[in-house]
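First comes the structure, then the notes that go with it.
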Amino acid sequence: MPFLNRVLTALALGSLMTTPFLYAAEISPTITVGTQEVGLAVGYILPHRLTEDHTTKQEGPAFMPSWMITITDPLGSSWYRGQVSIGAEMVYIQFQEPILTHGVGFTPKIKYSFVAGDRIRPYAEFAGGPFWSDLTGKIPEESGQFNFILSAGFGVSYFLTDQAALNVGYRFQHISNAGTSYPNIGLNASLPLVGFSFYF
Amino acid sequence: MGQLPSRSLIRISLAMALGLGAGCSHWIEFATPIETTPTTNTTVATDDRVPLLLETIRVTHNGSSIAPPALLERQVLGAIEATRLFSQHFQSGHSQPSADQARVTVHLSIDNVVEPHAGQAALRGFIIGASMFTLAPFISLNYDYATEMSLEMERWDGQIKQYHATSTGSAHYHLFGANPEIIEQLKGQVTEVCLSSLLNQVIQDSTFYLANKEQPPGGPIRTVSVGVRRSPSRAVPVSQPITEPFRQ
């Protein structure tokens with residue numbers, strides 16, 4: 001945990017220090033069709049044992065570098081006015097509990113960003129894709145190392161400049177193997193996260 | 001250990017390169033302007049030309065009025081200037097021609113219609129993502145843009161003529177080929193095509209905008225060729241890769 005705290009603190013401070021602030025000018029990022037976004041999010045997995053069959057309390061930090069591209073102009077004209085972007089995300093989870101193991105996945109991702117606000121923009125996102133872990137062969141819920149990871153969540157982007165934003169969000173995460181082997185009870189978790197994005 | 005890659009590896013690499021290449025492609029199509037007019041060039045006496053004052057530009061975007069972008073104002077004034085039909089070019093709010101000077105006053109109205117096919121793009125984007133991007137080279141995204149211009153030109157004696165032109169274009173791109181420049185180029189080129197069509201009509205009425213001055217007897221008459229300066233791509237509005245230069 002001390003190592004994780006150091007990493008998270010360094011990332012948060014680093015993103016703040018390397019991003020130039022604009023105090024005087026109004027920040028209203030113009031994100032158009034074709035605008036790309038690269039980002040990094042870090043969070044911590046907190047388990048949810050939804051049934052009596054769920055016994056594993058998996059925990060650990062998660063790192064998620066991502067790339068996205070905006071594919072629509074703003075939709076709608078009310079509070080829900082927003083843009084759709086799609087992209088992909090790498091997911092790395094270091095499971096520190098119940099045993100030190102690792103997981104890595106690749107997930108296509110779709111995001112809807114609400115653009116009614118100028119520098120504060122809420123978003124909702126959904127991602128899913130293949131996920132490999134050496135944890136899932138060692139716990140009663142899952143039988144194989146090859147699985148799928150699905151996550152759905154929401155968050156808020158706070159634009160520091162027209163091109164850089166800090167993100168805070170929450171995701172619900174589900175890992176299972178889509179019935180390719182049994183047992184397949186699945187792992188569920190909450191993933192609070194912070195991150196930053198750069199738009200170009 | 002120095003072994004040549006197997007044929008299957010080469011095939012996979014080629015397929016990936018082709019797929020990625022196709023997934024990055026983009027192109028723009030123009031519909032022929034609804035009110036097409038043949039390109040007109042004529043010669044007018046230099047001294048008969050009068051100044052032009054661009055008094056107002058009104059712009060709407062999908063029905064909503066917006067402030068005319070400075071770039072658009074420059075594009076309009078530049079296109080008019082390039083015809084060489086007028087001796088000087090002024091814009092309201094900047095320097096003005098003298099009050100006693102004969103001049104032509106211009107009011108331009110531009111109605112832009114943008115159809116980004118956002119719902120379709122969102123659905124297709126979802127399908128592309130769900131396919132782990134393997135369908136990216138095969139599914140294209142579309143963006144349509146249309147502009148309608150109305151030009152009112154008032155002569156120094158109060159006579160008014162009105163002109164009208166429309167132009168539409170579509171940008172088609174694959175996911176990895178999407179970038180903001182495609183849309184900007186689409187808008188810029190559609191605007192230019194429409195403006196050219198409009199000014200071509202003005203050139204046909206060029207004598208209407210000339211001051212009737214008597215030439216000094218026996219004196220030399222200097223002339224200037226006036227016409228719309230068109231880029232080659234606008235002569236035949238067809239599908240064309242955006243990577244090819246459009247400028248002359």
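Chains: A, B, ... in order of the structure tokens. Residues: from 1 per chain. Ligands: from 1, in order shown.
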
Using only C-alpha atoms, find each residue in chain A having at least one atom no more than 12 Å away from chain B; report its shortest atom-to-atom pair and that distance in Å (one decimal), rows by chain then rising number, as JSON lines.
{"residue": "A:Thr30", "atom": "CA", "partner": "B:Pro180", "partner_atom": "CA", "distance": 10.5}
{"residue": "A:Ile31", "atom": "CA", "partner": "B:Pro180", "partner_atom": "CA", "distance": 8.9}
{"residue": "A:Thr32", "atom": "CA", "partner": "B:Pro180", "partner_atom": "CA", "distance": 6.2}
{"residue": "A:Val33", "atom": "CA", "partner": "B:Pro180", "partner_atom": "CA", "distance": 5.7}
{"residue": "A:Gly34", "atom": "CA", "partner": "B:Asn179", "partner_atom": "CA", "distance": 3.6}
{"residue": "A:Thr35", "atom": "CA", "partner": "B:Asn179", "partner_atom": "CA", "distance": 6.1}
{"residue": "A:Gln36", "atom": "CA", "partner": "B:Asn179", "partner_atom": "CA", "distance": 8.0}
{"residue": "A:Glu37", "atom": "CA", "partner": "B:Asn179", "partner_atom": "CA", "distance": 11.8}
{"residue": "A:Trp67", "atom": "CA", "partner": "B:Phe176", "partner_atom": "CA", "distance": 11.6}
{"residue": "A:Met68", "atom": "CA", "partner": "B:Phe176", "partner_atom": "CA", "distance": 10.4}
{"residue": "A:Ile69", "atom": "CA", "partner": "B:Ala178", "partner_atom": "CA", "distance": 8.0}
{"residue": "A:Thr70", "atom": "CA", "partner": "B:Ala178", "partner_atom": "CA", "distance": 8.5}
{"residue": "A:Ile71", "atom": "CA", "partner": "B:Ala121", "partner_atom": "CA", "distance": 6.3}
{"residue": "A:Thr72", "atom": "CA", "partner": "B:Ala118", "partner_atom": "CA", "distance": 5.0}
{"residue": "A:Asp73", "atom": "CA", "partner": "B:Ala118", "partner_atom": "CA", "distance": 6.5}
{"residue": "A:Pro74", "atom": "CA", "partner": "B:Ala118", "partner_atom": "CA", "distance": 8.0}
{"residue": "A:Leu75", "atom": "CA", "partner": "B:Ala118", "partner_atom": "CA", "distance": 6.8}
{"residue": "A:Gly76", "atom": "CA", "partner": "B:Ala118", "partner_atom": "CA", "distance": 10.0}
{"residue": "A:Arg81", "atom": "CA", "partner": "B:Ala118", "partner_atom": "CA", "distance": 11.9}
{"residue": "A:Gly82", "atom": "CA", "partner": "B:Ala118", "partner_atom": "CA", "distance": 10.4}
{"residue": "A:Gln83", "atom": "CA", "partner": "B:Ala118", "partner_atom": "CA", "distance": 8.5}
{"residue": "A:Val84", "atom": "CA", "partner": "B:Ala122", "partner_atom": "CA", "distance": 6.2}
{"residue": "A:Ser85", "atom": "CA", "partner": "B:Ala122", "partner_atom": "CA", "distance": 7.9}
{"residue": "A:Ile86", "atom": "CA", "partner": "B:Gly125", "partner_atom": "CA", "distance": 6.4}
{"residue": "A:Gly87", "atom": "CA", "partner": "B:Gly129", "partner_atom": "CA", "distance": 7.1}
{"residue": "A:Ala88", "atom": "CA", "partner": "B:Gly129", "partner_atom": "CA", "distance": 7.9}
{"residue": "A:Glu89", "atom": "CA", "partner": "B:Gly129", "partner_atom": "CA", "distance": 11.1}
{"residue": "A:Phe106", "atom": "CA", "partner": "B:Met132", "partner_atom": "CA", "distance": 9.2}
{"residue": "A:Thr107", "atom": "CA", "partner": "B:Met132", "partner_atom": "CA", "distance": 8.0}
{"residue": "A:Pro108", "atom": "CA", "partner": "B:Gly129", "partner_atom": "CA", "distance": 5.2}
{"residue": "A:Lys109", "atom": "CA", "partner": "B:Gly129", "partner_atom": "CA", "distance": 6.7}
{"residue": "A:Ile110", "atom": "CA", "partner": "B:Phe126", "partner_atom": "CA", "distance": 6.8}
{"residue": "A:Lys111", "atom": "CA", "partner": "B:Ala122", "partner_atom": "CA", "distance": 9.9}
{"residue": "A:Tyr112", "atom": "CA", "partner": "B:Ala122", "partner_atom": "CA", "distance": 9.6}
{"residue": "A:Glu125", "atom": "CA", "partner": "B:Phe126", "partner_atom": "CA", "distance": 11.8}
{"residue": "A:Phe126", "atom": "CA", "partner": "B:Phe126", "partner_atom": "CA", "distance": 10.3}
{"residue": "A:Ala127", "atom": "CA", "partner": "B:Gly129", "partner_atom": "CA", "distance": 9.2}
{"residue": "A:Gly128", "atom": "CA", "partner": "B:Ala130", "partner_atom": "CA", "distance": 8.3}
{"residue": "A:Gly129", "atom": "CA", "partner": "B:Met132", "partner_atom": "CA", "distance": 8.2}
{"residue": "A:Pro130", "atom": "CA", "partner": "B:Met132", "partner_atom": "CA", "distance": 10.0}
{"residue": "A:Tyr199", "atom": "CA", "partner": "B:Pro180", "partner_atom": "CA", "distance": 12.0}
{"residue": "A:Phe200", "atom": "CA", "partner": "B:Asn179", "partner_atom": "CA", "distance": 9.5}

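Residues within 7 Å of segment 50-63 of chain A, counting only C-alpha atoms and excluding same-chain residues fewer than 6 positions away, are Ala41, Val42, Gly43, Tyr44, Val91, Tyr92, Ile93, Gln94, Phe95, Gln96, Glu97, Pro98, Ile139 and Glu141 of chain A.
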
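Residue nearest Gly158 of chain B, chosen from B:Tyr145, B:Val104, B:Gln201, B:Val190 and counting only C-alpha atoms: B:Val104.
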
Requested in this report: Might you pull out every residue within 10 Å of Tyr182 of chain A, with only C-alpha atoms counted and same-chain residues fewer than 5 positions away left off, and present them as a list in words?
Outcome: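 The contact residues come out as Pro140, Glu141, Glu142, Ser143, Gly144 and Asn177 of chain A.
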
Quick one: write out the picked residues with C-alpha atoms as a compact mmCIF listing (two decimals), in the first residue's frame?
# COMPACT_ATOMS: atom_id res chain seq x y z
CA PRO A 140 -13.46 -20.74 -6.70
CA GLU A 141 -15.38 -18.22 -8.79
CA GLU A 142 -13.46 -18.73 -12.01
CA SER A 143 -11.77 -21.72 -13.57
CA GLY A 144 -9.54 -20.35 -16.30
CA ASN A 177 -15.38 -16.07 -18.96

Give me the residues near Asn200 of chain B as a PDB file with C-alpha atoms, in the first residue's frame, where near means some atom within 8 Å (using only C-alpha atoms) and where sequence neighbours in that chain fewer than 2 positions away do not count.
ATOM      1  CA  THR B  37     -23.534  29.108 -64.312  1.00  0.00           C
ATOM      2  CA  PRO B  38     -20.840  28.945 -66.960  1.00  0.00           C
ATOM      3  CA  THR B  39     -17.577  30.526 -65.949  1.00  0.00           C
ATOM      4  CA  THR B  40     -17.509  34.087 -67.163  1.00  0.00           C
ATOM      5  CA  SER B 196     -17.531  31.181 -56.813  1.00  0.00           C
ATOM      6  CA  SER B 197     -20.961  30.348 -58.180  1.00  0.00           C
ATOM      7  CA  LEU B 198     -22.323  33.544 -56.670  1.00  0.00           C
ATOM      8  CA  VAL B 202     -22.034  38.977 -60.509  1.00  0.00           C
ATOM      9  CA  ILE B 203     -19.388  38.949 -63.232  1.00  0.00           C
ATOM     10  CA  GLN B 204     -22.119  38.337 -65.801  1.00  0.00           C
ATOM     11  CA  GLY B 227     -13.659  36.885 -63.533  1.00  0.00           C
ATOM     12  CA  VAL B 228     -13.926  34.326 -60.789  1.00  0.00           C
TER      13      VAL B 228
END

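In this structure, atom CA of Pro51 of chain B sits 24.0 Å away from atom CA of Thr191 of chain B.
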